[in-house]
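Structure file work.txt with compact mmCIF, C-alpha atoms and all ligand atoms:
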# COMPACT_ATOMS: atom_id res chain seq x y z
CA MET A 1 6.80 -15.67 9.37
CA ALA A 2 4.15 -13.56 7.66
CA LEU A 3 0.71 -14.69 6.62
CA GLN A 4 0.21 -17.41 9.19
CA LEU A 5 -3.15 -16.03 10.18
CA ASP A 6 -5.61 -18.56 11.53
CA ILE A 7 -8.63 -17.47 9.49
CA PRO A 8 -11.86 -19.11 10.69
CA ALA A 9 -12.95 -21.80 8.22
CA GLN A 10 -16.17 -20.10 7.16
CA ILE A 11 -14.33 -17.03 5.89
CA SER A 12 -12.10 -17.98 2.98
CA PRO A 13 -12.53 -20.53 0.18
CA GLN A 14 -10.81 -23.60 1.60
CA ILE A 15 -8.03 -25.45 -0.22
CA PRO A 16 -8.92 -29.17 -0.08
CA GLU A 17 -6.67 -31.27 2.17
CA ILE A 18 -6.13 -33.89 -0.52
CA GLN A 19 -4.50 -32.26 -3.55
CA THR A 20 -5.48 -33.75 -6.88
CA LEU A 21 -4.40 -30.85 -9.09
CA SER A 22 -0.95 -30.58 -10.66
CA LEU A 23 -0.30 -26.94 -9.89
CA SER A 24 2.79 -24.90 -10.74
CA ASP A 25 5.20 -24.16 -7.90
CA TYR A 26 3.75 -20.63 -7.88
CA GLY A 27 0.21 -21.99 -7.57
CA LYS A 28 1.25 -24.23 -4.69
CA ARG A 29 3.19 -21.52 -2.90
CA LEU A 30 0.78 -18.58 -3.26
CA PRO A 31 -0.64 -17.75 0.17
CA GLY A 32 -4.03 -16.10 0.78
CA SER A 33 -4.39 -12.46 1.85
CA PRO A 34 -5.78 -12.17 5.38
CA VAL A 35 -7.14 -8.67 4.76
CA ARG A 36 -9.16 -9.65 1.73
CA GLU A 37 -10.28 -12.84 3.43
CA ILE A 38 -11.64 -11.14 6.51
CA LEU A 39 -13.43 -8.48 4.46
CA SER A 40 -16.52 -10.72 4.39
CA VAL A 41 -16.48 -11.02 8.19
CA SER A 42 -16.13 -7.25 8.50
CA GLN A 43 -19.30 -6.87 6.46
CA GLN A 44 -21.44 -9.00 8.80
CA PRO A 45 -24.24 -7.00 10.50
CA GLY A 46 -23.22 -5.42 13.80
CA MET A 47 -19.51 -6.00 13.22
CA ILE A 48 -17.13 -3.06 13.75
CA SER A 49 -14.02 -3.36 11.66
CA PHE A 50 -10.60 -1.78 12.08
CA ALA A 51 -9.19 -4.33 9.64
CA GLY A 52 -9.40 -3.13 6.02
CA GLY A 53 -7.75 -0.05 4.58
CA LEU A 54 -10.77 1.08 2.59
CA PRO A 55 -11.09 4.74 1.58
CA ASP A 56 -14.22 6.45 2.90
CA ALA A 57 -16.90 6.64 0.19
CA VAL A 58 -18.22 9.84 1.82
CA VAL A 59 -15.22 11.77 0.46
CA MET A 60 -15.17 10.28 -3.01
CA PRO A 61 -16.10 12.97 -5.55
CA GLU A 62 -18.89 12.52 -8.06
CA LEU A 63 -17.79 10.83 -11.24
CA PRO A 64 -17.42 13.29 -14.15
CA GLN A 65 -20.25 13.22 -16.69
CA LEU A 66 -19.12 11.76 -20.00
CA SER A 67 -20.86 12.45 -23.30
CA SER A 68 -21.99 9.53 -25.45
CA GLN A 69 -19.18 10.42 -27.85
CA GLU A 70 -16.63 10.18 -25.10
CA LEU A 71 -18.07 6.88 -23.92
CA ALA A 72 -17.92 5.55 -27.47
CA SER A 73 -14.25 6.56 -27.67
CA VAL A 74 -13.21 4.07 -24.99
CA VAL A 75 -15.02 0.92 -26.04
CA GLN A 76 -12.23 -0.14 -28.41
CA TYR A 77 -8.95 -1.75 -27.27
CA GLY A 78 -6.39 0.82 -26.09
CA THR A 79 -2.63 1.11 -25.81
CA SER A 80 -0.65 -0.93 -23.30
CA GLU A 81 1.05 2.08 -21.77
CA GLY A 82 -2.27 3.81 -21.02
CA GLU A 83 -4.29 6.85 -22.14
CA ARG A 84 -2.17 9.78 -23.25
CA LEU A 85 -4.46 12.33 -21.59
CA LEU A 86 -4.02 10.68 -18.22
CA LYS A 87 -0.27 10.33 -18.61
CA GLN A 88 0.03 14.04 -19.46
CA GLN A 89 -1.90 14.97 -16.32
CA LEU A 90 0.31 12.67 -14.28
CA VAL A 91 3.55 14.23 -15.51
CA SER A 92 2.37 17.55 -14.16
CA TRP A 93 1.02 16.17 -10.84
CA LEU A 94 4.19 14.17 -10.21
CA SER A 95 6.43 17.13 -10.87
CA GLY A 96 4.57 19.01 -8.09
CA GLU A 97 5.22 16.01 -5.82
CA GLY A 98 8.94 16.19 -6.54
CA LEU A 99 9.35 13.52 -9.21
CA ALA A 100 10.23 14.88 -12.64
CA CYS A 101 9.49 12.35 -15.37
CA GLU A 102 8.43 12.06 -18.99
CA GLU A 103 5.25 10.60 -20.41
CA GLY A 104 7.34 7.83 -21.95
CA GLN A 105 8.30 6.58 -18.49
CA ILE A 106 4.69 6.08 -17.31
CA LEU A 107 2.66 2.90 -17.52
CA ILE A 108 -0.96 3.00 -16.36
CA THR A 109 -1.72 -0.14 -14.36
CA SER A 110 -4.74 -1.88 -12.93
CA GLY A 111 -4.19 -0.45 -9.45
CA SER A 112 -0.69 -0.13 -8.05
CA GLN A 113 -1.14 -3.75 -7.00
CA GLN A 114 -0.63 -4.75 -10.61
CA GLY A 115 2.51 -2.60 -10.75
CA LEU A 116 3.88 -4.51 -7.76
CA ASP A 117 3.11 -7.82 -9.43
CA LEU A 118 4.74 -6.78 -12.74
CA ALA A 119 7.84 -5.45 -10.98
CA ALA A 120 8.19 -8.56 -8.84
CA ARG A 121 7.72 -10.96 -11.75
CA LEU A 122 10.39 -9.14 -13.74
CA LEU A 123 12.96 -9.09 -10.98
CA VAL A 124 12.39 -12.15 -8.82
CA ASP A 125 13.10 -15.85 -9.43
CA PRO A 126 12.58 -18.60 -6.84
CA GLY A 127 15.30 -18.07 -4.23
CA SER A 128 16.01 -14.44 -5.22
CA GLU A 129 16.72 -12.18 -2.29
CA VAL A 130 14.46 -9.16 -1.77
CA ILE A 131 14.93 -6.58 0.97
CA VAL A 132 11.71 -5.48 2.63
CA GLU A 133 10.80 -3.36 5.62
CA ASP A 134 9.70 -5.43 8.59
CA PRO A 135 6.70 -5.06 8.84
CA SER A 136 5.62 -4.55 5.24
CA TYR A 137 2.55 -4.45 2.98
CA LEU A 138 1.00 -7.88 3.17
CA ALA A 139 -0.20 -8.12 -0.45
CA MET A 140 3.38 -7.51 -1.66
CA LEU A 141 4.57 -10.19 0.77
CA GLN A 142 1.91 -12.42 -0.78
CA ILE A 143 3.32 -11.77 -4.29
CA LEU A 144 6.93 -12.28 -3.18
CA ASN A 145 6.11 -15.46 -1.25
CA GLY A 146 4.23 -16.79 -4.28
CA LEU A 147 7.31 -16.20 -6.44
CA GLY A 148 9.51 -18.02 -3.92
CA ALA A 149 11.60 -14.95 -2.98
CA GLU A 150 13.85 -15.06 0.03
CA LEU A 151 12.77 -12.09 2.13
CA LEU A 152 15.51 -10.10 3.85
CA PRO A 153 13.80 -7.93 6.47
CA PHE A 154 15.13 -4.78 8.07
CA THR A 155 13.41 -3.30 11.06
CA LEU A 156 10.94 -0.49 10.75
CA SER A 157 9.25 0.86 13.84
CA GLY A 158 6.96 3.80 14.43
CA HIS A 159 10.19 5.69 15.24
CA GLY A 160 12.06 5.00 12.04
CA ASN A 161 14.18 2.50 10.29
CA ASP A 162 17.52 0.93 10.89
CA LEU A 163 19.70 2.17 8.01
CA ASP A 164 22.79 0.41 9.34
CA ALA A 165 20.94 -2.88 9.14
CA LEU A 166 19.86 -1.98 5.60
CA GLU A 167 23.43 -1.21 4.56
CA GLN A 168 24.64 -4.44 6.13
CA LEU A 169 22.16 -6.38 3.98
CA LEU A 170 23.17 -4.49 0.84
CA GLN A 171 26.84 -5.19 1.60
CA THR A 172 26.58 -8.87 2.39
CA ARG A 173 23.71 -10.15 0.22
CA GLN A 174 22.74 -10.00 -3.45
CA PRO A 175 19.22 -8.53 -3.38
CA ARG A 176 17.34 -8.24 -6.66
CA MET A 177 15.06 -5.58 -5.22
CA LEU A 178 14.67 -3.16 -2.34
CA TYR A 179 10.95 -2.71 -1.69
CA LEU A 180 9.96 0.34 0.38
CA ILE A 181 6.79 2.22 1.31
CA PRO A 182 8.41 5.41 2.59
CA THR A 183 5.36 7.68 2.86
CA PHE A 184 2.83 6.83 5.61
CA GLN A 185 3.81 3.22 5.44
CA ASN A 186 1.34 0.36 5.53
CA PRO A 187 1.12 -0.92 8.27
CA THR A 188 3.14 1.34 10.63
CA GLY A 189 2.11 4.78 9.29
CA TYR A 190 5.78 5.81 9.41
CA CYS A 191 6.96 8.55 7.01
CA TYR A 192 10.68 8.61 6.18
CA SER A 193 12.29 12.00 6.75
CA GLU A 194 13.87 13.84 3.83
CA GLN A 195 17.32 12.99 5.21
CA GLU A 196 16.47 9.28 5.42
CA ARG A 197 15.33 9.45 1.79
CA ILE A 198 18.59 11.06 0.70
CA ASP A 199 20.63 8.50 2.69
CA ILE A 200 18.70 5.58 1.21
CA ALA A 201 19.08 6.91 -2.33
CA GLN A 202 22.85 7.07 -1.75
CA LEU A 203 22.86 3.46 -0.54
CA VAL A 204 20.79 2.41 -3.56
CA ASP A 205 23.34 4.05 -5.88
CA ARG A 206 26.33 2.73 -3.96
CA TYR A 207 25.16 -0.90 -4.07
CA GLY A 208 23.27 -0.80 -7.39
CA VAL A 209 20.08 -2.42 -6.11
CA VAL A 210 16.76 -1.83 -7.93
CA LEU A 211 14.53 0.37 -5.76
CA VAL A 212 10.78 -0.30 -5.90
CA GLU A 213 9.09 2.64 -4.15
CA ASP A 214 5.42 2.09 -3.37
CA ASP A 215 3.67 5.39 -2.68
CA PRO A 216 -0.15 5.10 -2.64
CA TYR A 217 -0.72 7.20 0.52
CA ARG A 218 1.20 10.35 -0.51
CA ALA A 219 -1.91 12.56 -0.78
CA LEU A 220 -3.19 11.54 2.66
CA ASN A 221 -0.83 13.92 4.43
CA TYR A 222 -2.32 15.41 7.61
CA ASP A 223 0.48 17.42 9.20
CA GLY A 224 1.75 19.20 6.11
CA VAL A 225 5.26 17.75 6.02
CA PHE A 226 6.37 17.58 2.39
CA THR A 227 8.75 14.82 1.33
CA ARG A 228 9.98 13.97 -2.16
CA PRO A 229 9.94 10.41 -3.49
CA ILE A 230 13.24 8.58 -2.85
CA CYS A 231 13.41 7.89 -6.62
CA HIS A 232 13.98 11.61 -7.12
CA TYR A 233 17.31 11.33 -5.29
CA VAL A 234 18.54 8.14 -7.01
CA LYS A 235 21.18 9.09 -9.57
CA GLN A 236 22.29 5.85 -11.24
CA SER A 237 20.49 2.72 -10.10
CA PRO A 238 17.36 1.60 -11.91
CA TRP A 239 14.16 2.35 -9.99
CA ILE A 240 10.39 1.90 -10.19
CA TYR A 241 7.96 4.33 -8.58
CA LEU A 242 4.36 3.18 -7.99
CA GLY A 243 1.38 5.41 -7.38
CA SER A 244 -2.36 5.00 -7.25
CA PHE A 245 -5.69 6.80 -7.62
CA SER A 246 -7.29 4.37 -5.15
CA LYS A 247 -6.77 6.44 -2.01
CA MET A 248 -7.17 9.82 -3.76
CA LEU A 249 -10.24 9.10 -5.89
CA TRP A 250 -12.02 5.82 -6.65
CA PRO A 251 -10.44 2.46 -5.73
CA GLY A 252 -13.11 0.52 -7.63
CA LEU A 253 -11.84 1.97 -10.93
CA ARG A 254 -8.62 0.01 -10.28
CA THR A 255 -6.33 2.62 -11.78
CA GLY A 256 -2.74 3.10 -10.70
CA PHE A 257 0.50 3.99 -12.40
CA MET A 258 4.15 3.17 -12.49
CA VAL A 259 7.01 5.42 -13.47
CA ALA A 260 10.17 3.58 -14.39
CA HIS A 261 13.79 4.29 -15.06
CA PRO A 262 14.27 4.16 -18.86
CA GLU A 263 16.35 0.97 -18.63
CA LEU A 264 13.53 -0.94 -16.93
CA TYR A 265 10.59 0.57 -18.77
CA PRO A 266 10.62 -1.64 -21.93
CA TYR A 267 10.55 -4.81 -19.82
CA LEU A 268 7.68 -3.57 -17.69
CA TYR A 269 5.86 -2.57 -20.87
CA ARG A 270 6.16 -6.12 -22.22
CA ALA A 271 5.05 -7.58 -18.90
CA LYS A 272 1.99 -5.34 -19.01
CA GLN A 273 1.22 -6.44 -22.60
CA ALA A 274 1.46 -10.08 -21.62
CA THR A 275 -0.65 -9.66 -18.49
CA ASP A 276 -3.79 -7.83 -19.60
CA LEU A 277 -2.98 -5.89 -22.82
CA HIS A 278 -3.98 -2.62 -21.16
CA THR A 279 -5.80 -1.06 -18.23
CA ASN A 280 -9.57 -0.46 -18.39
CA ARG A 281 -10.05 2.65 -20.57
CA LEU A 282 -13.27 3.91 -19.01
CA GLY A 283 -11.64 4.29 -15.59
CA GLN A 284 -8.66 6.05 -17.15
CA LEU A 285 -10.90 8.50 -18.98
CA LEU A 286 -12.98 9.28 -15.89
CA ILE A 287 -9.84 10.03 -13.90
CA ALA A 288 -8.26 12.10 -16.69
CA ARG A 289 -11.46 14.17 -16.98
CA PHE A 290 -11.49 14.73 -13.22
CA LEU A 291 -7.86 15.87 -13.27
CA GLN A 292 -8.60 18.19 -16.22
CA GLN A 293 -11.21 20.02 -14.13
CA GLY A 294 -8.31 21.29 -12.00
CA THR A 295 -10.07 20.49 -8.72
CA LEU A 296 -7.67 17.81 -7.49
CA PRO A 297 -5.83 20.15 -5.05
CA THR A 298 -9.12 21.24 -3.42
CA HIS A 299 -10.28 17.65 -3.31
CA ILE A 300 -7.04 16.55 -1.64
CA GLU A 301 -7.46 19.29 0.98
CA GLN A 302 -10.93 17.92 1.74
CA LEU A 303 -9.56 14.39 2.02
CA GLN A 304 -6.87 15.57 4.40
CA LYS A 305 -9.37 17.44 6.56
CA HIS A 306 -11.70 14.44 6.69
CA TYR A 307 -9.07 11.84 7.55
CA ARG A 308 -7.12 14.17 9.86
CA SER A 309 -10.18 14.49 12.04
CA LYS A 310 -10.63 10.69 12.09
CA ARG A 311 -6.96 10.25 12.95
CA ASP A 312 -7.26 12.76 15.80
CA ASN A 313 -10.44 11.14 17.15
CA MET A 314 -8.84 7.74 17.06
CA HIS A 315 -5.75 8.99 18.87
CA ARG A 316 -7.88 10.61 21.58
CA LEU A 317 -9.97 7.46 22.05
CA LEU A 318 -6.87 5.28 22.28
CA VAL A 319 -5.43 7.62 24.92
CA ASP A 320 -8.73 7.62 26.83
CA TYR A 321 -9.50 3.91 26.78
CA LEU A 322 -6.43 1.75 26.25
CA PRO A 323 -4.69 0.28 29.28
CA LYS A 324 -1.10 1.23 30.22
CA GLY A 325 1.55 -0.71 28.37
CA VAL A 326 -0.01 -0.29 24.92
CA SER A 327 2.11 2.02 22.77
CA TRP A 328 1.72 3.69 19.38
CA GLN A 329 2.70 6.75 17.36
CA SER A 330 -0.03 8.92 15.92
CA PRO A 331 0.59 8.67 12.13
CA ALA A 332 1.23 11.89 10.18
CA GLY A 333 -0.72 10.48 7.23
CA GLY A 334 -2.19 7.35 5.68
CA MET A 335 -4.86 5.16 7.21
CA PHE A 336 -3.35 3.15 10.06
CA PHE A 337 -2.34 3.09 13.70
CA TRP A 338 0.24 0.46 14.63
CA LEU A 339 -0.07 -0.63 18.25
CA THR A 340 2.40 -2.63 20.32
CA LEU A 341 0.88 -4.47 23.26
CA GLU A 342 1.30 -7.40 25.63
CA ALA A 343 -1.34 -9.68 24.16
CA ASP A 344 -1.59 -12.63 21.82
CA CYS A 345 -3.01 -10.74 18.83
CA GLN A 346 -3.88 -13.85 16.80
CA ARG A 347 -6.19 -14.80 19.66
CA LEU A 348 -7.44 -11.24 19.81
CA LEU A 349 -8.60 -11.53 16.18
CA GLN A 350 -10.57 -14.70 16.93
CA GLN A 351 -12.00 -13.35 20.19
CA GLY A 352 -12.71 -9.99 18.55
CA ILE A 353 -14.83 -11.59 15.82
CA GLU A 354 -16.96 -13.20 18.55
CA ALA A 355 -17.20 -9.85 20.37
CA GLY A 356 -18.13 -7.94 17.19
CA VAL A 357 -14.84 -6.15 16.50
CA VAL A 358 -12.35 -7.04 13.77
CA VAL A 359 -8.67 -6.17 14.16
CA LEU A 360 -5.63 -7.30 12.20
CA PRO A 361 -2.74 -8.92 14.07
CA GLY A 362 0.69 -7.63 13.14
CA SER A 363 1.84 -11.15 12.27
CA SER A 364 0.12 -10.69 8.88
CA PHE A 365 2.75 -8.03 8.07
CA THR A 366 5.93 -9.14 9.80
CA ILE A 367 8.75 -11.33 8.60
CA ALA A 368 11.23 -11.72 11.47
CA ALA A 369 9.73 -9.30 14.00
CA ASP A 370 7.26 -10.55 16.61
CA GLY A 371 4.11 -9.27 14.95
CA ASN A 372 1.88 -11.19 17.30
CA ARG A 373 2.40 -8.40 19.85
CA CYS A 374 1.24 -5.77 17.34
CA LEU A 375 -2.08 -4.70 15.87
CA ARG A 376 -2.91 -2.62 12.83
CA LEU A 377 -6.02 -0.50 13.27
CA SER A 378 -7.47 1.33 10.30
CA PHE A 379 -9.36 4.57 10.96
CA SER A 380 -10.22 5.50 7.37
CA GLN A 381 -13.79 4.32 7.02
CA ILE A 382 -15.20 4.03 10.49
CA SER A 383 -17.60 6.61 12.00
CA LEU A 384 -16.83 8.23 15.36
CA PRO A 385 -19.53 6.33 17.33
CA GLU A 386 -18.37 3.04 15.78
CA MET A 387 -14.78 3.90 16.53
CA GLU A 388 -15.59 4.48 20.19
CA GLU A 389 -17.72 1.35 20.49
CA GLY A 390 -15.08 -0.72 18.66
CA ILE A 391 -12.32 0.46 20.98
CA LYS A 392 -14.49 -0.31 24.02
CA ARG A 393 -15.05 -3.84 22.72
CA LEU A 394 -11.32 -4.22 22.15
CA VAL A 395 -10.47 -2.95 25.61
CA MET A 396 -12.88 -5.51 27.16
CA LEU A 397 -10.82 -8.24 25.52
CA LEU A 398 -7.57 -6.77 26.79
CA SER A 399 -8.64 -6.55 30.41
C1 LIG A 401 1.29 -0.11 0.40
C2 LIG A 401 0.26 -0.42 -0.63
N1 LIG A 401 0.64 -0.63 -1.90
C3 LIG A 401 -0.25 -0.91 -2.86
C4 LIG A 401 -1.59 -0.99 -2.58
C5 LIG A 401 -2.54 -1.32 -3.70
O1 LIG A 401 -3.33 -0.25 -4.06
P1 LIG A 401 -4.19 -0.19 -5.40
O2 LIG A 401 -5.60 -0.04 -4.98
O3 LIG A 401 -3.67 0.98 -6.15
O4 LIG A 401 -3.95 -1.46 -6.14
C6 LIG A 401 -2.05 -0.79 -1.28
C7 LIG A 401 -3.49 -0.90 -0.97
O5 LIG A 401 -3.94 -0.84 0.12
C8 LIG A 401 -1.09 -0.50 -0.27
O6 LIG A 401 -1.45 -0.30 1.00

Kindly present the structure from the file in structure tokens form.
Amino acid sequence: MALQLDIPAQISPQIPEIQTLSLSDYGKRLPGSPVREILSVSQQPGMISFAGGLPDAVVMPELPQLSSQELASVVQYGTSEGERLLKQQLVSWLSGEGLACEEGQILITSGSQQGLDLAARLLVDPGSEVIVEDPSYLAMLQILNGLGAELLPFTLSGHGNDLDALEQLLQTRQPRMLYLIPTFQNPTGYCYSEQERIDIAQLVDRYGVVLVEDDPYRALNYDGVFTRPICHYVKQSPWIYLGSFSKMLWPGLRTGFMVAHPELYPYLYRAKQATDLHTNRLGQLLIARFLQQGTLPTHIEQLQKHYRSKRDNMHRLLVDYLPKGVSWQSPAGGMFFWLTLEADCQRLLQQGIEAGVVVLPGSSFTIAADGNRCLRLSFSQISLPEMEEGIKRLVMLLS
């Protein structure tokens, strides 16, 4: 089961053993997020962390300069769907990525994390079935577990996914949602081929399930293979496509977006109204101004160059240092290596913290699969010397 991480007591705010509060079922069920909880450990002096998936601040562009008039224009409440200027820019960017849509289908969210939460709250009741890749993004598992969803996993490895198993689930169960991260998946780094996307879209249409496609890593594409969003291929079923500026630009501005099938859009719009009225306008304006400058393509090339070199260094170091029996696929994009090894990775986390290296055991991401034999290593933020030292520390624990 996911999210059974044994986080050392000093790291996360502890829930008291004796419960005096009358919480909702959601409040009682909601698990913590291991990644966010070990962030504070990762920040301890001398610690080398492969745990978080933080973008590298070195490649974040300078924020655009805003005039005092422009600043004054965003201090008032804004619209729930988001700033028009930003939505216009998005329509054009998305069409280049293979997803044609209209402004009226876009909702600007507080990070794509909020989009996931809105989508899940609209579609999932306690006991609702939701199909997810196994392993999957742990903060979505956190949301779904909090809502009391029954998770139906289908296997995803570094080599691909089991579409027969997916079809079997669609045939025999009544899922409210199919949640996928098809492009440089978190945590495996896997990117679905164009054919897999077409096949999945056909399954989605055949069985009428709502597809939620989570696509925050699309721009971090290192080997130049272009793939269209699966939503592009869906003909009839309702779908929700989620994107983010966190990995492309500035995660601290908490600005993401959702594009929704017209049937679903009005419900998502209401959910957004009820949640926070609208997304922070200053962040939206800064991003819209940056996009207006027309330098996004050059910026994305720089990002790709920067992270490609980190990915290649990490791969070389893993080849050089790791013992036989550890396996992985070098990811074609995104921020993570997914390792399979013969070790108790929960223990490795605890021992690693003592040895000054933080890793994330796969059990934080898996549902039915044995995640305790897997590790997710992030290469996005770490410098080359730290990477090498961190891998040496890890190897010491493995020998
Ligand atoms: C698969 C996936 N979806 C969504 C998110 C949330 O991103 P955002 O910063 O846009 O909320 C992340 C963040 O790491 C992620 O890995």

Do you have, as CSV, the list of residues of chain A lying at most 7 Å from ligand LIG 401 (chain A), each with its nearest atom pair and that distance in Å to one decimal, counting only C-alpha atoms and all ligand atoms and ordered by chain then number?
residue,atom,partner,partner_atom,distance
A:Gly53,CA,A:LIG401,O5,5.9
A:Ser110,CA,A:LIG401,O4,6.8
A:Gly111,CA,A:LIG401,O4,3.5
A:Ser112,CA,A:LIG401,O3,3.7
A:Gln113,CA,A:LIG401,O4,3.7
A:Gln114,CA,A:LIG401,O4,6.5
A:Tyr137,CA,A:LIG401,C1,5.2
A:Ile181,CA,A:LIG401,C1,6.0
A:Gln185,CA,A:LIG401,C1,6.5
A:Asn186,CA,A:LIG401,C1,5.2
A:Asp214,CA,A:LIG401,N1,5.7
A:Asp215,CA,A:LIG401,C1,6.7
A:Pro216,CA,A:LIG401,N1,5.8
A:Gly243,CA,A:LIG401,O3,6.8
A:Ser244,CA,A:LIG401,O3,4.4
A:Phe245,CA,A:LIG401,O3,6.3
A:Ser246,CA,A:LIG401,O2,4.7
A:Pro251,CA,A:LIG401,O2,5.5
A:Arg254,CA,A:LIG401,O2,6.1
A:Thr255,CA,A:LIG401,O3,6.4
A:Gly256,CA,A:LIG401,O3,5.1

*Radius query 12 Å about (-1.7, -0.6, 10.3), atoms used: all atoms listed in the file, as a VMD selection string*: chain A and resid 35 50 to 53 135 to 138 157 to 158 184 to 190 328 to 331 333 to 340 359 to 366 371 374 to 380

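With all atoms listed in the file as the atoms that count, the residue of A:Gln171, A:Ser73, A:Ser49, A:Gln202 with the shortest distance to Gly390 of chain A is A:Ser49.
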
*Thr172 of chain A environment, 12 Å, only C-alpha atoms, sequence neighbours closer than 2 positions dropped, as a PyMOL selection string*: chain A and resi 129+131+152+165-170+174-175+207

Near segment 293-313 of chain A, 8 Å: segment 173-244 of chain A residue rows, closest pairs, only C-alpha atoms, as a tab-separated table:
residue	atom	partner	partner_atom	distance
A:Ala219	CA	A:Ile300	CA	6.6
A:Leu220	CA	A:Gln304	CA	5.7
A:Asn221	CA	A:Gln304	CA	6.3
A:Tyr222	CA	A:Arg308	CA	5.4

_Shell of 8 Å around segment 87-89 of chain A, only C-alpha atoms, local chain residues under 4 positions omitted, as an MDAnalysis selection string_ = chainID A and resid 82:83 93 103 106 108 288 291:292

*If we count only C-alpha atoms, what is near Asp134 of chain A at a cut-off of 7 Å, once residues fewer than 4 positions away on the same chain are taken out, given as number ranges by chain?*
A: 153-156, 366-367, 369

*Might you pull out every residue within 7 Å of Ala149 of chain A, with only C-alpha atoms counted and same-chain residues fewer than 6 positions away left off, and present them as an MDAnalysis selection string?*
chainID A and resid 124:130

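In this structure, atom CA of Gly96 of chain A sits 22.7 Å away from atom CA of Val59 of chain A.
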
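Going from atom CA of Cys231 of chain A to atom CA of Ala119 of chain A covers 15.1 Å.
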
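Closest to Glu81 of chain A among A:Met248, A:Leu253, A:Leu21, A:Ala271 is A:Ala271, based on all atoms listed in the file.
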
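Distance check against Ile230 of chain A using only C-alpha atoms: of A:Glu263, A:Asp370, A:Glu196, A:Glu102, the minimum falls on A:Glu196.
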
_Between atom CA of Thr227 of chain A and atom CA of Glu194 of chain A, what distance in Å does the model show, to one decimal?_
5.8 Å

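With all atoms listed in the file as the atoms that count, the minimum distance from Asp205 of chain A to the choices A:Thr183, A:Ser95, A:Gln236, A:Gln76 is reached by A:Gln236.
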
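Residues in contact range of Leu71 of chain A, defined as at most 9 Å between all atoms listed in the file, with sequence neighbours fewer than 4 positions away removed, read Leu66, Ser67, Val75, Leu282 and Leu285 of chain A.
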
Would you save the residues from that selection as an mmCIF file, in the coordinates of the input, using C-alpha atoms?
data_model
loop_
_atom_site.group_PDB
_atom_site.id
_atom_site.type_symbol
_atom_site.label_atom_id
_atom_site.label_comp_id
_atom_site.auth_asym_id
_atom_site.auth_seq_id
_atom_site.Cartn_x
_atom_site.Cartn_y
_atom_site.Cartn_z
ATOM 1 C CA LEU A 66 -19.120 11.760 -20.000
ATOM 2 C CA SER A 67 -20.860 12.450 -23.300
ATOM 3 C CA VAL A 75 -15.020 0.920 -26.040
ATOM 4 C CA LEU A 282 -13.270 3.910 -19.010
ATOM 5 C CA LEU A 285 -10.900 8.500 -18.980
#
